[in-house]
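Pasted below: protein28.txt, compact mmCIF, C-alpha atoms and all ligand atoms.
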```
# COMPACT_ATOMS: atom_id res chain seq x y z
CA MET A 1 221.29 173.00 212.91
CA LYS A 2 219.25 170.96 210.46
CA ALA A 3 215.60 171.54 209.72
CA GLN A 4 213.48 168.97 211.49
CA GLN A 5 210.66 167.16 209.78
CA SER A 6 207.47 166.21 211.61
CA THR A 7 205.10 163.59 210.20
CA ALA A 8 202.42 166.20 209.35
CA GLN A 9 205.11 168.57 208.12
CA ALA A 10 203.83 171.28 210.47
CA ILE A 11 205.62 174.61 210.41
CA THR A 12 206.63 174.82 214.05
CA PRO A 13 207.95 177.93 215.83
CA GLN A 14 211.35 176.19 215.99
CA LEU A 15 211.36 175.68 212.22
CA ARG A 16 210.34 179.31 211.65
CA GLN A 17 213.17 180.48 213.88
CA TRP A 18 215.61 178.23 212.04
CA ILE A 19 214.54 179.67 208.66
CA ILE A 20 214.95 183.21 209.98
CA ASP A 21 218.38 182.36 211.42
CA GLN A 22 219.52 180.93 208.08
CA ALA A 23 218.33 184.00 206.18
CA THR A 24 219.88 186.34 208.73
CA ALA A 25 223.18 184.44 208.50
CA GLY A 26 223.15 185.16 204.76
CA TYR A 27 222.37 181.67 203.39
CA ARG A 28 220.76 181.81 199.98
CA PRO A 29 217.10 180.73 199.78
CA GLU A 30 218.02 177.82 197.48
CA ASP A 31 220.53 176.51 200.05
CA VAL A 32 217.99 176.77 202.87
CA LEU A 33 215.50 174.95 200.67
CA LYS A 34 218.06 172.23 199.92
CA SER A 35 218.71 171.71 203.68
CA MET A 36 215.01 171.38 204.30
CA GLN A 37 214.62 168.90 201.46
CA ASP A 38 217.62 166.92 202.75
CA ALA A 39 215.80 166.74 206.08
CA GLY A 40 212.79 165.23 204.32
CA TRP A 41 210.59 168.24 203.64
CA GLN A 42 208.46 168.17 200.52
CA GLU A 43 209.61 170.92 198.20
CA ASP A 44 206.28 172.77 197.97
CA VAL A 45 205.74 172.68 201.74
CA ALA A 46 209.30 173.88 202.32
CA ILE A 47 208.91 176.79 199.87
CA GLN A 48 205.64 177.80 201.46
CA ALA A 49 207.19 177.62 204.94
CA MET A 50 210.07 179.83 203.84
CA GLU A 51 207.86 182.36 202.10
CA THR A 52 205.33 182.80 204.87
CA THR A 53 207.98 182.83 207.59
CA LEU A 54 210.20 185.40 205.91
CA GLN A 55 207.26 187.59 204.89
CA ALA A 56 206.03 187.51 208.49
CA HIS A 57 209.50 188.28 209.76
CA LEU A 58 210.07 191.17 207.36
CA SER A 59 206.70 192.76 208.00
CA GLY A 60 207.18 192.35 211.76
CA GLN A 61 204.19 190.06 212.15
CA ALA A 62 204.28 186.95 214.31
CA ASN A 63 201.35 185.33 212.52
CA PRO A 64 202.27 183.91 209.09
CA ALA A 65 198.64 183.71 207.92
CA GLN A 66 198.19 187.42 208.63
CA ALA A 67 201.51 188.18 206.90
CA ALA A 68 200.51 186.25 203.78
CA LEU A 69 197.25 188.22 203.71
CA THR A 70 199.11 191.51 204.10
CA VAL A 71 201.46 190.65 201.25
CA ALA A 72 198.52 189.65 199.01
CA GLN A 73 196.78 192.95 199.75
CA GLU A 74 199.93 194.88 198.96
CA ALA A 75 200.32 193.55 195.44
CA VAL A 76 202.72 195.69 193.44
CA PRO A 77 200.76 197.83 190.94
CA LEU A 78 201.53 197.46 187.24
CA ALA A 79 204.03 199.91 185.74
CA VAL A 80 202.53 202.70 183.61
CA PRO A 81 204.20 204.91 180.96
CA VAL A 82 205.99 207.89 182.47
CA PRO A 83 207.43 211.14 181.13
CA ASP A 84 211.13 211.14 180.28
CA ALA A 85 213.67 213.28 178.48
CA ASN A 86 215.27 212.09 175.26
CA LEU A 87 218.80 211.33 176.37
CA ASN A 88 219.80 209.29 173.33
CA ASP A 89 223.49 209.62 172.51
CA SER A 90 224.11 210.95 176.03
CA ALA A 91 223.00 214.44 175.07
CA LEU A 92 224.57 217.28 177.06
CA TYR A 93 221.82 219.72 176.16
CA LEU A 94 218.09 219.25 175.75
CA ASP A 95 215.74 221.28 173.60
CA ALA A 96 213.11 222.89 175.80
CA GLY A 97 211.59 224.82 172.87
CA ASP A 98 212.70 228.37 173.65
CA ARG A 99 215.77 227.35 175.64
CA GLN A 100 218.59 224.81 175.84
CA VAL A 101 218.57 223.00 179.15
CA HIS A 102 221.80 221.48 180.49
CA VAL A 103 222.04 217.83 181.48
CA LEU A 104 224.01 217.75 184.75
CA SER A 105 223.35 214.26 186.19
CA VAL A 106 221.41 211.20 185.10
CA MET A 107 220.33 208.24 187.21
CA LYS A 108 218.52 205.23 185.76
CA HIS A 109 216.77 203.76 188.81
CA PRO A 110 215.25 205.68 190.33
CA ARG A 111 214.97 207.83 187.23
CA ILE A 112 216.43 211.16 188.35
CA LEU A 113 217.70 213.93 186.08
CA VAL A 114 219.42 217.03 187.39
CA LEU A 115 219.12 219.84 184.85
CA GLY A 116 220.65 223.31 184.60
CA ASN A 117 219.35 226.46 182.94
CA MET A 118 215.67 225.54 183.28
CA LEU A 119 214.82 229.14 184.25
CA SER A 120 216.76 232.41 183.99
CA ASP A 121 217.44 234.46 187.14
CA ASP A 122 214.80 236.97 186.01
CA GLU A 123 212.22 234.22 185.54
CA CYS A 124 213.00 232.82 189.02
CA GLU A 125 212.59 236.30 190.50
CA ALA A 126 209.34 236.90 188.62
CA LEU A 127 207.85 233.65 189.97
CA ILE A 128 208.86 234.51 193.55
CA GLU A 129 207.38 238.01 193.29
CA ALA A 130 204.12 236.71 191.79
CA ALA A 131 203.86 234.03 194.49
CA LYS A 132 204.68 236.24 197.53
CA PRO A 133 201.30 237.92 198.00
CA ARG A 134 199.50 234.58 197.61
CA LEU A 135 201.48 232.46 200.13
CA ALA A 136 199.85 230.42 202.88
CA ARG A 137 201.10 227.61 205.17
CA SER A 138 201.66 224.60 202.88
CA LEU A 139 198.97 221.99 202.73
CA THR A 140 199.27 218.45 201.46
CA VAL A 141 196.57 216.43 199.75
CA SER A 142 195.14 214.07 202.35
CA THR A 143 194.69 210.57 201.01
CA LYS A 144 192.55 209.86 204.08
CA THR A 145 189.85 212.32 203.06
CA GLY A 146 190.80 213.45 199.53
CA GLY A 147 190.92 217.06 200.84
CA GLU A 148 193.88 219.26 201.82
CA GLU A 149 195.37 219.60 205.30
CA VAL A 150 198.23 221.23 207.22
CA ASN A 151 201.06 218.71 207.54
CA ALA A 152 203.66 218.84 210.34
CA ASP A 153 206.20 217.21 208.01
CA ARG A 154 206.02 220.20 205.73
CA THR A 155 206.97 223.47 207.38
CA SER A 156 207.15 225.66 204.29
CA ASN A 157 204.67 228.23 202.98
CA GLY A 158 203.23 227.76 199.54
CA MET A 159 200.70 228.55 196.86
CA PHE A 160 199.50 227.16 193.52
CA PHE A 161 199.41 229.02 190.21
CA PRO A 162 196.55 227.69 188.09
CA ARG A 163 197.91 226.36 184.75
CA GLY A 164 198.79 229.26 182.43
CA ASP A 165 198.38 231.84 185.23
CA ASN A 166 201.01 234.26 183.88
CA GLU A 167 203.69 234.51 181.18
CA VAL A 168 206.51 232.91 183.19
CA VAL A 169 204.28 230.07 184.41
CA LYS A 170 203.21 229.46 180.79
CA ARG A 171 206.84 229.41 179.63
CA LEU A 172 207.91 226.94 182.32
CA GLU A 173 204.92 224.69 181.64
CA ALA A 174 205.70 224.65 177.91
CA ARG A 175 209.37 223.81 178.61
CA ILE A 176 208.45 220.93 180.91
CA ALA A 177 205.94 219.53 178.38
CA LYS A 178 208.54 219.66 175.59
CA LEU A 179 211.46 218.34 177.63
CA PHE A 180 209.67 215.33 179.03
CA ASP A 181 207.37 214.76 176.06
CA TRP A 182 204.26 214.87 178.23
CA PRO A 183 201.01 216.74 177.52
CA LEU A 184 200.90 220.14 179.19
CA GLU A 185 197.31 219.36 180.24
CA ASN A 186 198.53 216.45 182.38
CA GLY A 187 200.35 218.86 184.69
CA GLU A 188 198.91 220.09 187.97
CA GLY A 189 199.07 223.81 188.63
CA LEU A 190 202.61 225.01 189.46
CA GLN A 191 203.25 225.11 193.18
CA VAL A 192 205.69 227.59 194.73
CA LEU A 193 207.12 226.87 198.19
CA HIS A 194 209.08 229.15 200.51
CA TYR A 195 211.27 227.69 203.27
CA ARG A 196 212.81 229.80 206.06
CA PRO A 197 215.71 228.52 208.24
CA GLY A 198 214.60 225.35 210.03
CA ALA A 199 211.84 224.61 207.51
CA GLU A 200 211.95 221.26 205.75
CA TYR A 201 209.86 218.69 203.95
CA LYS A 202 210.40 215.25 205.48
CA PRO A 203 210.95 212.31 203.09
CA HIS A 204 207.77 211.16 201.35
CA TYR A 205 206.47 209.82 198.06
CA ASP A 206 204.66 212.19 195.71
CA TYR A 207 202.29 209.50 194.37
CA PHE A 208 199.02 208.96 196.19
CA ASP A 209 198.96 205.90 198.44
CA PRO A 210 196.54 203.40 196.84
CA LYS A 211 195.73 201.95 200.27
CA GLU A 212 194.31 205.23 201.60
CA PRO A 213 190.57 205.77 201.29
CA GLY A 214 190.75 209.30 199.83
CA THR A 215 192.99 208.26 196.92
CA ARG A 216 190.09 207.04 194.74
CA SER A 217 188.57 210.50 194.53
CA ILE A 218 191.97 212.21 194.02
CA LEU A 219 192.71 209.92 191.06
CA GLN A 220 189.52 210.98 189.29
CA ARG A 221 191.20 214.28 188.37
CA GLY A 222 193.82 212.80 186.03
CA GLY A 223 195.03 209.53 187.50
CA GLN A 224 198.21 209.06 189.49
CA ARG A 225 201.15 211.40 189.68
CA VAL A 226 203.91 209.82 187.60
CA ALA A 227 206.69 212.41 187.78
CA THR A 228 207.83 215.51 189.67
CA VAL A 229 209.84 218.49 188.45
CA LEU A 230 211.32 220.70 191.17
CA VAL A 231 212.85 223.98 190.04
CA TYR A 232 215.04 225.95 192.44
CA LEU A 233 214.10 229.63 192.39
CA SER A 234 216.57 230.86 195.02
CA GLU A 235 219.66 229.55 196.76
CA PRO A 236 219.72 229.23 200.52
CA GLU A 237 223.16 229.90 202.00
CA LYS A 238 223.26 226.45 203.62
CA GLY A 239 221.02 223.37 203.63
CA GLY A 240 217.78 222.92 201.71
CA GLY A 241 218.95 220.22 199.28
CA THR A 242 216.53 217.67 197.87
CA THR A 243 217.36 214.25 199.28
CA PHE A 244 216.70 210.76 197.88
CA PRO A 245 217.37 208.56 200.93
CA ASP A 246 217.05 205.23 199.08
CA VAL A 247 220.03 206.08 196.88
CA ASN A 248 221.92 208.43 199.23
CA LEU A 249 221.63 211.33 196.83
CA GLU A 250 221.28 215.01 197.65
CA VAL A 251 220.63 217.56 194.92
CA ALA A 252 221.94 221.05 195.69
CA PRO A 253 219.32 223.79 195.41
CA LYS A 254 221.03 225.90 192.76
CA ARG A 255 218.94 228.75 191.35
CA GLY A 256 217.55 228.02 187.87
CA ASN A 257 218.39 224.29 188.12
CA ALA A 258 215.78 221.57 188.27
CA VAL A 259 215.51 217.97 189.43
CA PHE A 260 213.14 215.65 187.59
CA PHE A 261 212.17 212.21 188.87
CA SER A 262 209.55 209.71 187.75
CA TYR A 263 207.77 206.76 189.35
CA ASP A 264 206.01 204.23 187.14
CA LYS A 265 203.94 202.75 189.95
CA ALA A 266 202.64 203.92 193.29
CA HIS A 267 205.10 201.74 195.15
CA PRO A 268 208.28 202.15 197.23
CA SER A 269 210.14 199.86 194.78
CA THR A 270 210.39 202.98 192.58
CA LYS A 271 212.88 204.33 195.18
CA SER A 272 211.31 207.73 194.61
CA LEU A 273 211.32 208.57 198.33
CA HIS A 274 212.57 212.15 198.59
CA GLY A 275 212.58 215.08 200.98
CA GLY A 276 213.56 218.71 201.35
CA ALA A 277 216.46 218.89 203.85
CA PRO A 278 216.14 221.60 206.52
CA VAL A 279 217.28 225.04 205.44
CA ILE A 280 220.18 225.97 207.73
CA ALA A 281 220.77 229.56 206.65
CA GLY A 282 219.11 231.83 204.13
CA GLU A 283 215.84 231.16 202.34
CA LYS A 284 214.80 228.59 199.80
CA TRP A 285 212.16 229.04 197.10
CA ILE A 286 211.15 226.26 194.75
CA ALA A 287 208.52 225.60 192.12
CA THR A 288 207.05 222.10 191.89
CA LYS A 289 205.26 220.65 188.89
CA TRP A 290 203.58 217.27 189.31
CA LEU A 291 202.73 215.35 186.16
CA ARG A 292 199.71 213.06 186.08
CA GLU A 293 198.90 210.05 183.91
CA ARG A 294 196.08 211.87 182.12
CA GLU A 295 194.64 215.36 181.73
CA PHE A 296 194.45 217.08 185.12
CA VAL A 297 191.10 218.80 185.37
O1 LIG B 1 211.67 221.48 198.47
C1 LIG B 1 212.06 220.36 198.17
O2 LIG B 1 213.25 220.13 197.98
C2 LIG B 1 211.05 219.29 198.05
C3 LIG B 1 211.38 218.06 198.51
C4 LIG B 1 210.45 217.05 198.41
C5 LIG B 1 209.80 219.50 197.51
C6 LIG B 1 208.93 218.42 197.40
N1 LIG B 1 209.26 217.22 197.85
C7 LIG B 1 207.59 218.52 196.79
O3 LIG B 1 207.19 219.67 196.49
O4 LIG B 1 206.95 217.47 196.59
ZN ZN B 2 207.76 215.71 197.14
```
Any chance you could give the structure as structure tokens?
Amino acid sequence: MKAQQSTAQAITPQLRQWIIDQATAGYRPEDVLKSMQDAGWQEDVAIQAMETTLQAHLSGQANPAQAALTVAQEAVPLAVPVPDANLNDSALYLDAGDRQVHVLSVMKHPRILVLGNMLSDDECEALIEAAKPRLARSLTVSTKTGGEEVNADRTSNGMFFPRGDNEVVKRLEARIAKLFDWPLENGEGLQVLHYRPGAEYKPHYDYFDPKEPGTRSILQRGGQRVATVLVYLSEPEKGGGTTFPDVNLEVAPKRGNAVFFSYDKAHPSTKSLHGGAPVIAGEKWIATKWLREREFV
């Protein structure tokens, strides 16, 4: 079918459907545009028709004006500097100050590093023992209110060590600061989570959603989160991997290993969606360090 031109060049429902059909059939935007121009559409009107129609279609909205507004409101934030390890010359080992950390896997986008030897078995055990008496059902920061709340997507128990709480926490914080070249003061307190069989953490983003009303007050304590370091403190017998659904990756929860990932904007285009898969057998303990843009106070 050819695109039909009306004298006022109105974007009719039939034209919208035709544009959607072309896109769905895999025609390139430039070819669809060419067909419309061949049928007598002015280029700028044709481009606008395509943009508003496809935006409306993709966001599930029937009204193109509303869709255009939604897209304008959801402008992609600017990228900010993020922590990263120095992997020049494809280093196999990284200097964490008092320890050599092993580079096991590297992904560019999303930036994901899987690292070995972040903590010794004794250090893992010491963190678990220090956390045990202080565990409570895990809360998440609510971007609706800026406070903390129980979250059904997160069925683990957890606690936070204030920065520098004990010797092992201090050591891990110093290693993370050195490895990723990021001020220690920009780190939130270390969180320890405990998952029993069946417990999981459904896929989510660690950055705070800019559209939520509570985010403004959360950001006053050091800006956005820009990276996460998860350190596995114990190995479940089965399950409990960390998943990255956008890139079909699952990181095995091996004791002493860590997974680092960064996100340079608070936006899904970072592909930093990740979750804790359900533990099937055994128990999983992890420590999470979130790194902020500025000093976390
Ligand atoms: O326990 C995990 O694997 C996990 C997965 C996703 C932890 C977190 N997110 C987190 O602490 O943010
Ligand atoms: Zn997370």
At most 8 Å from ligand ZN 2 (chain B) (all atoms listed in the file): residue list as number ranges by chain: A: 201, 203-206, 228, 274-276
Surrounding residues as an NGL selection string, ligand LIG 1 (chain B), max 10 Å, all atoms listed in the file: :A and (138 or 140 or 154 or 156 or 158 or 190-195 or 199-207 or 228-232 or 240-244 or 250-253 or 259 or 273-279 or 284-290)
Go ahead and write the residues just picked, C-alpha atoms, as a compact mmCIF listing (two decimals), in the coordinates of the input.
```
# COMPACT_ATOMS: atom_id res chain seq x y z
CA SER A 138 201.66 224.60 202.88
CA THR A 140 199.27 218.45 201.46
CA ARG A 154 206.02 220.20 205.73
CA SER A 156 207.15 225.66 204.29
CA GLY A 158 203.23 227.76 199.54
CA LEU A 190 202.61 225.01 189.46
CA GLN A 191 203.25 225.11 193.18
CA VAL A 192 205.69 227.59 194.73
CA LEU A 193 207.12 226.87 198.19
CA HIS A 194 209.08 229.15 200.51
CA TYR A 195 211.27 227.69 203.27
CA ALA A 199 211.84 224.61 207.51
CA GLU A 200 211.95 221.26 205.75
CA TYR A 201 209.86 218.69 203.95
CA LYS A 202 210.40 215.25 205.48
CA PRO A 203 210.95 212.31 203.09
CA HIS A 204 207.77 211.16 201.35
CA TYR A 205 206.47 209.82 198.06
CA ASP A 206 204.66 212.19 195.71
CA TYR A 207 202.29 209.50 194.37
CA THR A 228 207.83 215.51 189.67
CA VAL A 229 209.84 218.49 188.45
CA LEU A 230 211.32 220.70 191.17
CA VAL A 231 212.85 223.98 190.04
CA TYR A 232 215.04 225.95 192.44
CA GLY A 240 217.78 222.92 201.71
CA GLY A 241 218.95 220.22 199.28
CA THR A 242 216.53 217.67 197.87
CA THR A 243 217.36 214.25 199.28
CA PHE A 244 216.70 210.76 197.88
CA GLU A 250 221.28 215.01 197.65
CA VAL A 251 220.63 217.56 194.92
CA ALA A 252 221.94 221.05 195.69
CA PRO A 253 219.32 223.79 195.41
CA VAL A 259 215.51 217.97 189.43
CA LEU A 273 211.32 208.57 198.33
CA HIS A 274 212.57 212.15 198.59
CA GLY A 275 212.58 215.08 200.98
CA GLY A 276 213.56 218.71 201.35
CA ALA A 277 216.46 218.89 203.85
CA PRO A 278 216.14 221.60 206.52
CA VAL A 279 217.28 225.04 205.44
CA LYS A 284 214.80 228.59 199.80
CA TRP A 285 212.16 229.04 197.10
CA ILE A 286 211.15 226.26 194.75
CA ALA A 287 208.52 225.60 192.12
CA THR A 288 207.05 222.10 191.89
CA LYS A 289 205.26 220.65 188.89
CA TRP A 290 203.58 217.27 189.31
```
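Counting only C-alpha atoms, Ala85 (chain A) has the following residues at most 12 Å away, ignoring those fewer than 6 positions along the same chain: Ala91, Leu92, Tyr93, Leu94, Asp95, Ala96, Val101, His102, Val103, Val106, Lys108, Arg111, Ile112, Leu113, Val114, Leu115, Arg175, Ile176, Ala177, Lys178, Leu179, Phe180, Asp181, Trp182, Ala227, Val229, Phe260, Phe261 and Ser262 of chain A.
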Distance criterion (all atoms listed in the file): nearest to Asp165 (chain A) out of A:Gln14, A:Ala130, A:Met50, A:Lys265: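 Residue with the minimum atom-to-atom distance to Asp165 (chain A): A:Ala130.
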Separation of CA of Lys254 (chain A) from CA of His267 (chain A), in Å and rounded to one decimal: 29.0 Å
Within 12 Å of Pro77 (chain A) using only C-alpha atoms, minus same-chain residues under 4 positions, as a VMD selection string: chain A and resid 72 to 73 209 to 211 224 263 to 270
Two-atom distance - CA of Cys124 (chain A), CA of Gly187 (chain A) (Å):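 Taking CA of Cys124 (chain A) and CA of Gly187 (chain A), their separation equals 19.3 Å.
Closest to Glu43 (chain A) among A:Leu15, A:Arg196, A:Gly147, A:Glu30 is A:Glu30, based on only C-alpha atoms.
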Polymer residues at most 12 Å from region 27-29 of chain A, all atoms listed in the file, same-chain spacing of 4 or more positions, as a ChimeraX atom specification: /A:18-23,33-36,46-51,54
Nearest to Ile11 (chain A), chosen from A:Thr53, A:Gln37, A:Asn257, A:Ser105, with only C-alpha atoms counted in the distances: A:Thr53
Pairwise distance for CA of Asp84 (chain A) and CA of Glu235 (chain A), rounded to one decimal in Å: 26.1 Å
Nearest to Arg292 (chain A), chosen from A:Ala10, A:Val80, A:Val247, A:Met159, with only C-alpha atoms counted in the distances: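 The closest residue to Arg292 (chain A) is A:Val80.
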